[in-house]
Amino acid sequence: MIRKNVATINQAIEGIQSGMTLMLGGFGLCGIPENLIKALSQSSFGDFTCISANVGVDDFGLGLLFGAKKIKKMYGSYVGENKEFERQFLSSEIEVCLVPMGTLAEKCRAAQMGIPAFYTPAGFGTEVAEGKEYRNFKGKNYLLETAFESDFSLVKAWKGDEAGNLVFKGTAKNFNPLMCGASTITVAEVEELVPIGDLDPNQIHTPGIFVDRIFQGEHFEKRIERRTVQI
Amino acid sequence: MSLTKNQIAQRIAQELQSGFYVNLGIGIPTLVANHIPEGMEVEFQSENGILGVGPFPEAGKEDPDLINAGKQTITPLPGSSYFDSAVSFGMIRGQHIDLTILGAMEVSDTGDIANWKVPGKLIKGMGGAMDLVASSENIIIAMMHTDSKGGSKLLNKCTLPLTGVRCVKRIVTDLAVLDIVDEGFLLKERAPGVSIEEIRQATSGRLVISESVPEMVLKEA
């Protein structure tokens with residue numbers, strides 16, 4: 001078996017440089033690669049272009065990278081909930097490209113699957129369509145959207161093995177499986193790293209071929225954004 | 001009497017049918033889940049990756065790996081499933097979801113909808129709204145008939161940036177139930193005690209009034 005495990009977080013982020021484009025998994029604060037984000041926020045590198053569904057909150061998730069002024073351009077879908085992001089957005093310190101969420105997911109998946117572009121109806125007739133090619137199929141109009149191109153995918157899984165096979169949990173799956181193999185290098189942090197052979201091949205969500213490096217995160221806070229309980 | 005937001009949700013719940021997979025937007029649409037008629041089998045999808053959304057957890061049983069699209073903690077119902085965002089939007093784009101219920105800032109009399117951006121105000125993004133409105137065959141809009149300043153939200157043409165074009169089929173407001181037809185907003189039902197004249201005054205787009213417009217009947221779930 002080809003082994004993908006690396007011993008330290010420094011090895012996990014080796015090769016990430018200023019100005020690179022990064023994909024980061026997660027929806028809200030659910031399923032985010034929190035150890036990798038923390039390491040990048042403390043690194044000497046910045047000017048990143050980031051691709052992620054959301055922008056975290058002020059002191060957690062992608063918010064740590066905005067707080068450390070590490071991001072120059074953001075591709076995202078819903079960007080509420082983060083005051084420092086808002087400030088940088090309103091003062092034009094960062095460039096923001098808003099993408100319909102299904103299109104964002106498919107742009108990741110297309111990159112992963114070797115599909116350069118695809119048609120989707122989302123955004124036709126809106127400002128999202130400006131400057132884009134479109135085509136009519138069976139009486140309905142579709143926009144031509146292209147695959148993302150990025151340098152590093154940073155994802156989080158529940159369990160993984162040393163061959164890079166991944167298993168996700170609950171709605172922490174979200175964008176993570178789509179970003180594996182969608183960049184030049186994919187780094188996965190997992191809550192539990194097990195030896196080769198310990199995972200049932202029937203239960204693997206993402207095969208290790210899509211993952212280049214895997215490590216067990218040192219600490220997972222797994223913060224809840226909106227704790228809501230039965231009254 | 002115009003309807004409360006909860007009553008708008010109650011009226012929309014009467015549109016549910018057994019066997020429906022339903023996506024609920026944030027705001028009034030979320031309240032629809034509280035009014036499912038007894039014995040009806042519907043399943044709620046949340047676009048972050050769950051089908052079979054159940055109630056909020058009991059205190060102490062929250063799982064950070066289980067949230068809805070509004071980022072609230074949830075529980076799964078027996079028989080639910082989890083999936084990635086591409087599969088989730090595949091369910092939407094592939095028209096496997098039977099009914100989408102969304103809020104709106106404006107709807108035009110040709111079925112255009114604006115619900116994601118107000119120029120000059122902070123922009124939070126469209127999330128999944130553009131995917132939902134572009135793909136769903138069956139979209140019901142839940143909203144107040146007028147904005148906080150009394151201006152109509154049912155217009156000839158939306159003034160705000162669009163979320164989608166020619167996609168809305170039905171609107172339930174605090175004053176009325178209306179369908180989008182070729183001639184404009186077809187008034188189907190009025191809220192109890194609300195006159196056709198009141199609805200006419202609150203509607204700035206083309207309004208079509210049939211011979212009889214019954215009062216809504218709100219059924220208890």
# chains A, B, ... in the order shown; residues from 1 in each chain; ligands from 1
>>> closest_atom_pairs(of="chain A", to="chain B", cutoff="7 Å", atoms="only C-alpha atoms", output="Markdown table")
| residue | atom | partner | partner_atom | distance |
| --- | --- | --- | --- | --- |
| A:Phe27 | CA | B:Asn48 | CA | 6.9 |
| A:Gly28 | CA | B:Lys71 | CA | 6.5 |
| A:Cys30 | CA | B:Asp65 | CA | 5.9 |
| A:Gly31 | CA | B:Asp65 | CA | 6.9 |
| A:Ser77 | CA | B:Gly127 | CA | 4.8 |
| A:Tyr78 | CA | B:Gly125 | CA | 4.4 |
| A:Val79 | CA | B:Lys124 | CA | 4.9 |
| A:Gly80 | CA | B:Lys124 | CA | 4.8 |
| A:Leu98 | CA | B:Gly125 | CA | 6.1 |
| A:Pro100 | CA | B:Gly127 | CA | 5.7 |
| A:Met101 | CA | B:Gly128 | CA | 4.8 |
| A:Gly102 | CA | B:Phe89 | CA | 5.1 |
| A:Ala105 | CA | B:Ala86 | CA | 5.2 |
| A:Glu106 | CA | B:Ala86 | CA | 5.9 |
| A:Pro121 | CA | B:Ala134 | CA | 5.6 |
| A:Ala122 | CA | B:Asp131 | CA | 4.5 |
| A:Gly123 | CA | B:Met130 | CA | 5.6 |
| A:Phe124 | CA | B:Gly164 | CA | 6.8 |
| A:Gly125 | CA | B:Val165 | CA | 6.1 |
| A:Thr126 | CA | B:Leu162 | CA | 5.3 |
| A:Lys169 | CA | B:Asp65 | CA | 6.6 |
| A:Gly170 | CA | B:Asp65 | CA | 5.5 |
| A:Thr171 | CA | B:Leu66 | CA | 5.2 |
| A:Ala172 | CA | B:Asp65 | CA | 5.1 |
| A:Lys173 | CA | B:Asp84 | CA | 5.5 |
| A:Asn174 | CA | B:Asp84 | CA | 4.4 |
| A:Phe175 | CA | B:Ser85 | CA | 5.6 |
| A:Pro177 | CA | B:Asp84 | CA | 6.8 |
| A:Lys222 | CA | B:Pro64 | CA | 6.1 |
| A:Arg223 | CA | B:Pro64 | CA | 6.6 |
| A:Ile224 | CA | B:Pro64 | CA | 5.4 |
| A:Glu225 | CA | B:Lys71 | CA | 6.3 |
| A:Arg226 | CA | B:Gln72 | CA | 4.7 |
| A:Arg227 | CA | B:Thr73 | CA | 5.6 |
| A:Thr228 | CA | B:Thr73 | CA | 5.3 |
| A:Val229 | CA | B:Phe56 | CA | 5.0 |
| A:Gln230 | CA | B:Phe56 | CA | 5.2 |
>>> select_by_dssp(residues="region 117-221 of chain A", states="strand (DSSP E)", output="VMD selection string")
chain A and resid 117 to 120 134 to 137 140 to 146 152 to 161 166 to 167 185 to 194 213 to 216
>>> select_by_dssp(residues="region 11-66 of chain A", states="helix (DSSP H, G or I)", output="PyMOL selection string")
chain A and resi 11-12+34-41+63-66
>>> write_last_selection(atoms="N, CA and C atoms", output="PDB file, in the first residue's frame")
ATOM      1  N   GLN A  11       5.004  19.122   8.046  1.00  0.00           N
ATOM      2  CA  GLN A  11       5.122  18.299   6.833  1.00  0.00           C
ATOM      3  C   GLN A  11       3.827  18.366   6.027  1.00  0.00           C
ATOM      4  N   ALA A  12       2.707  18.452   6.756  1.00  0.00           N
ATOM      5  CA  ALA A  12       1.401  18.490   6.074  1.00  0.00           C
ATOM      6  C   ALA A  12       1.257  19.731   5.201  1.00  0.00           C
ATOM      7  N   GLU A  34      -9.608  22.432  10.949  1.00  0.00           N
ATOM      8  CA  GLU A  34      -9.243  23.481  11.913  1.00  0.00           C
ATOM      9  C   GLU A  34      -7.764  23.483  12.275  1.00  0.00           C
ATOM     10  N   ASN A  35      -7.110  22.314  12.293  1.00  0.00           N
ATOM     11  CA  ASN A  35      -5.673  22.302  12.610  1.00  0.00           C
ATOM     12  C   ASN A  35      -4.850  22.941  11.492  1.00  0.00           C
ATOM     13  N   LEU A  36      -5.219  22.650  10.242  1.00  0.00           N
ATOM     14  CA  LEU A  36      -4.500  23.231   9.101  1.00  0.00           C
ATOM     15  C   LEU A  36      -4.709  24.744   9.042  1.00  0.00           C
ATOM     16  N   ILE A  37      -5.950  25.182   9.294  1.00  0.00           N
ATOM     17  CA  ILE A  37      -6.238  26.626   9.265  1.00  0.00           C
ATOM     18  C   ILE A  37      -5.405  27.341  10.324  1.00  0.00           C
ATOM     19  N   LYS A  38      -5.356  26.750  11.517  1.00  0.00           N
ATOM     20  CA  LYS A  38      -4.588  27.361  12.605  1.00  0.00           C
ATOM     21  C   LYS A  38      -3.106  27.461  12.229  1.00  0.00           C
ATOM     22  N   ALA A  39      -2.567  26.384  11.654  1.00  0.00           N
ATOM     23  CA  ALA A  39      -1.149  26.382  11.261  1.00  0.00           C
ATOM     24  C   ALA A  39      -0.884  27.453  10.210  1.00  0.00           C
ATOM     25  N   LEU A  40      -1.787  27.595   9.242  1.00  0.00           N
ATOM     26  CA  LEU A  40      -1.583  28.607   8.196  1.00  0.00           C
ATOM     27  C   LEU A  40      -1.679  30.015   8.768  1.00  0.00           C
ATOM     28  N   SER A  41      -2.592  30.199   9.731  1.00  0.00           N
ATOM     29  CA  SER A  41      -2.764  31.539  10.308  1.00  0.00           C
ATOM     30  C   SER A  41      -1.510  31.954  11.073  1.00  0.00           C
ATOM     31  N   GLY A  63     -12.074  32.560   9.730  1.00  0.00           N
ATOM     32  CA  GLY A  63     -11.927  33.842  10.416  1.00  0.00           C
ATOM     33  C   GLY A  63     -10.505  34.050  10.931  1.00  0.00           C
ATOM     34  N   LEU A  64      -9.824  32.972  11.292  1.00  0.00           N
ATOM     35  CA  LEU A  64      -8.436  33.091  11.759  1.00  0.00           C
ATOM     36  C   LEU A  64      -7.531  33.600  10.638  1.00  0.00           C
ATOM     37  N   LEU A  65      -7.806  33.166   9.409  1.00  0.00           N
ATOM     38  CA  LEU A  65      -6.978  33.620   8.279  1.00  0.00           C
ATOM     39  C   LEU A  65      -7.316  35.062   7.904  1.00  0.00           C
ATOM     40  N   PHE A  66      -8.603  35.437   8.011  1.00  0.00           N
ATOM     41  CA  PHE A  66      -8.959  36.845   7.759  1.00  0.00           C
ATOM     42  C   PHE A  66      -8.373  37.729   8.848  1.00  0.00           C
TER      43      PHE A  66
END
>>> closest_residue(among="B:Asp98, B:Val177, B:Ala104, B:Glu41", to="Asn138 (chain B)", atoms="only C-alpha atoms")
B:Asp98
>>> residues_around(residues="Tyr75 (chain A)", least_positions_apart="6", cutoff="9 Å", atoms="only C-alpha atoms", output="list of chain:residue names")
A:Thr49, A:Cys50, A:Ile51, A:Ser52, A:Ala53, A:Asn54, A:Glu95, A:Val96, A:Cys97, A:Leu98, A:Val99, A:Leu104
>>> closest_residue(among="B:Ile97, B:Val42, B:Ile113, B:Ala142", to="Gly25 (chain B)", atoms="only C-alpha atoms")
B:Ala142
>>> atom_distance(atom1="CA of Phe48 (chain A)", atom2="CA of Lys72 (chain A)")
5.7 Å
>>> atom_distance(atom1="CA of Gly46 (chain A)", atom2="CA of Ile71 (chain A)")
6.3 Å
>>> residues_around(residues="Gly111 (chain B)", least_positions_apart="5", cutoff="9 Å", atoms="only C-alpha atoms", output="JSON, numbers by chain")
{"B": [164, 165, 166, 167, 168, 169, 170, 180, 181, 184, 185]}
